[in-house]
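Chemist: Before I ask anything, here is the structure I am working with.
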Amino acid sequence: MIPASLARDVSPDRAAWTDRKGSAEPKEGIDTVRKTPDTDDYAHKLALSDVLREPAIRAAIQALKIPPGSRGLDAGCGIGSHTLLLAEAVAPGGHVIGLDLRPDFLARARETAEKSPLSERVSFREGNVSSLPFDDDAFDWLWSVDCAGYAPGEPLPMLRELARVVRPGGVVAVLGWSSQQLLPGHPMLEARLNATSLGIAPFTKGRRPERHFLRALGWFRDAGLAKPTARTFVGDVHAPLSDDVRMALLSLIEMRWGEPRSELSEEDWAEFRRICQPESPDFILNLPDYYAFFTYSLFFGKVAR
């Protein structure tokens with residue numbers, strides 16, 4: 001969504017959310033999301049969205065029952081927010097390595113970790129999840145959120161590579177954004193937004209059904225992982241919205257759909273602008289009965305002994 005837009009195309013490794021700037025001029029208040037420098041825009045929006053995503057992601061981590069004192073890998077860690085949540089799970093001992101292809105994300109992750117009481121429980125390393133820079137059986141478990149399974153290419157080679165670095169009996173877990181309802185009362189518009197190239201990405205036209213992320217149970221079986229399991233976690237918000245939640249929702253709307261004008265009818269584009277622009281008198285987040293939800297889907301299995 002989280003993770004981000006949820007359309008990913010930042011690198012061949014990290015399936016990161018792509019952002020496309022809207023055409024509106026920057027405004028004060030909630031629209032200050034647009035004022036972030038381009039070089040840090042995605043990381044900033046991703047951090048904002050964590051206000052919404054963290055409870056669901058924390059619930060997914062708890063469902064894995066990660067052993068305290070264990071050693072794990074956060075593959076495609078981004079800005080490191082979830083690396084610290086994983087470090088909480090392995091405390092008071094244990095260690096988590098966050099790996100990402102983007103040096104700018106890793107710099108932000110290290111900066112955040114230095115301010116955390118869990119700083120000694122985490123470290124970060126640059127690398128590609130498709131070719132991990134670690135020995136076989138190096139970790140007790142591996143976790144990847146909004147990355148593995150979303151990136152272009154065949155999922156099986158990547159999943160086998162993830163399993164390679166986990167000891168026999170250890171767990172490989174991938175978590176990905178799987179649905180949302182952000183525009184209550186506008187189901188047709190939201191459906192058409194979700195059918196745009198940004199809205200549907202990374203599930204591009206012509207992609208075989210078995211390569212869709214929600215078919216990951218089959219990938220786990222084909223990769224030889226034992227007891228493949230799927231779980232769904234829901235996050236929701238409703239009015240009255242705090243300033244942080246409003247900022248997070250605006251960030252999510254911008255990342256999720258970007259600037260879809262070329263793929264919408266003039267009528268749909270006008271409606272999108274009317275309800276999704278903070279300066280509009282009909283901005284949807286101002287509704288006194290606003291309600292939205294989203295889901296994350298978790299797939300995990302054990303490395304065969």
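Note on naming: chains are A, B, ... as they come in the structure tokens, residues start from 1 per chain, ligands start from 1 in the order shown.
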Considering only alpha helix (DSSP H) as DSSP defines it on the backbone, what residues of stretch 159-238 of chain A qualify? List them as a VMD selection string.
Modeler: chain A and resid 159 to 164 187 to 194 197 to 200 216 to 222
Chemist: Extract, using only C-alpha atoms, all DNA, RNA and protein residues at most 10 Å from A:Arg215, discarding same-chain residues fewer than 5 positions from it, and format them as a PyMOL selection string.
Modeler: chain A and resi 149+209-210+220+299
Chemist: Which polymer residues have any atom within 12 Å of an atom of A:Arg192, counting only C-alpha atoms, with same-chain residues fewer than 5 positions away left out, as a PyMOL selection string?
Modeler: chain A and resi 183+186-187+197-200+257+260-261+263-265+267-269+271-272
Chemist: Could you name the residues that touch stretch 241-251 of chain A at 8 Å or less, counting only C-alpha atoms, but leaving out those on the same chain fewer than 2 positions away, as a compact mmCIF listing (two decimals) with C-alpha atoms, in the first residue's frame?
Modeler:
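Just written: around_33.txt:
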# COMPACT_ATOMS: atom_id res chain seq x y z
CA ILE A 30 -4.00 18.34 5.15
CA ASP A 31 -2.72 19.03 1.63
CA VAL A 33 1.48 16.00 1.85
CA LYS A 45 3.71 9.14 2.25
CA LEU A 46 4.64 5.64 3.29
CA LEU A 48 2.09 8.71 6.92
CA SER A 49 0.22 5.59 5.85
CA ASP A 50 1.74 3.60 8.72
CA VAL A 51 -0.79 5.28 11.01
CA LEU A 52 -3.43 3.22 9.22
CA VAL A 237 -11.32 3.92 10.36
CA HIS A 238 -14.38 6.06 10.88
CA ALA A 239 -15.29 9.64 11.67
CA ILE A 253 -5.66 7.91 -1.86
CA GLU A 254 -2.83 9.65 -3.70
CA MET A 255 -0.60 6.57 -3.67
CA CYS A 276 -10.86 13.46 -3.29
CA LEU A 285 -12.87 12.84 4.46
Chemist: Do you know which residues are at most 7 Å from A:Lys302 counting only C-alpha atoms, after dropping those on the same chain fewer than 2 positions away, and could you put them as a PyMOL selection string?
Modeler: chain A and resi 169-172+225-227+304
Chemist: Tell me which of A:Arg71, A:Pro92, A:Val174, A:Pro157 sits closest to A:Ser123, counting only C-alpha atoms.
Modeler: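 That would be A:Arg71, the residue with the smallest distance to A:Ser123.
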Chemist: Within 7 Å of A:Asp100, counting only C-alpha atoms, which residues show up once you throw out same-chain ones fewer than 2 positions away? Write them as a PyMOL selection string, please.
Modeler: chain A and resi 14+75-78+98+102+106+125-128
Chemist: Taking only C-alpha atoms into account, which of A:Ala60, A:Pro240, A:Asp135, A:Val234 comes nearest A:Asn286?
Modeler: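 Of the candidates, the smallest distance to A:Asn286 is held by A:Pro240.
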Chemist: Mind pulling up the distance from atom CA of A:Arg53 to atom CA of A:His82?
Modeler: 10.0 Å
Chemist: Please, what distance in Å, to one decimal, runs between atom CA of A:Arg274 and atom CA of A:Gly235?
Modeler: 25.5 Å
Chemist: Quote the spacing between atom CA of A:Gly301 and atom CA of A:Asp74 in Å to one decimal place.
Modeler: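 Atom CA of A:Asp74 lies 15.8 Å from atom CA of A:Gly301.
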Chemist: Using only C-alpha atoms, can you tell me which of A:Glu154, A:Glu279, A:Glu54, A:Glu111 comes closest to A:Arg208?
Modeler: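 Among the listed residues, A:Glu154 lies closest to A:Arg208.
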Chemist: Can you list, as a ChimeraX atom specification, every protein, DNA or RNA residue that comes within 9 Å of A:Asp222 when you count only C-alpha atoms, leaving out same-chain residues fewer than 4 positions away?
Modeler: /A:156,217-218
Chemist: Mind dumping the selected residues with C-alpha atoms as a compact mmCIF listing (two decimals), in the first residue's frame?
Modeler:
# COMPACT_ATOMS: atom_id res chain seq x y z
CA LEU A 156 8.45 -19.24 -7.49
CA LEU A 217 -0.87 -20.70 -1.39
CA GLY A 218 -0.06 -22.51 -4.62
Chemist: Given only C-alpha atoms as the basis, pick out the residue of A:Ala201, A:Cys147, A:Ala163, A:Leu132 nearest to A:Trp219.
Modeler: A:Ala163
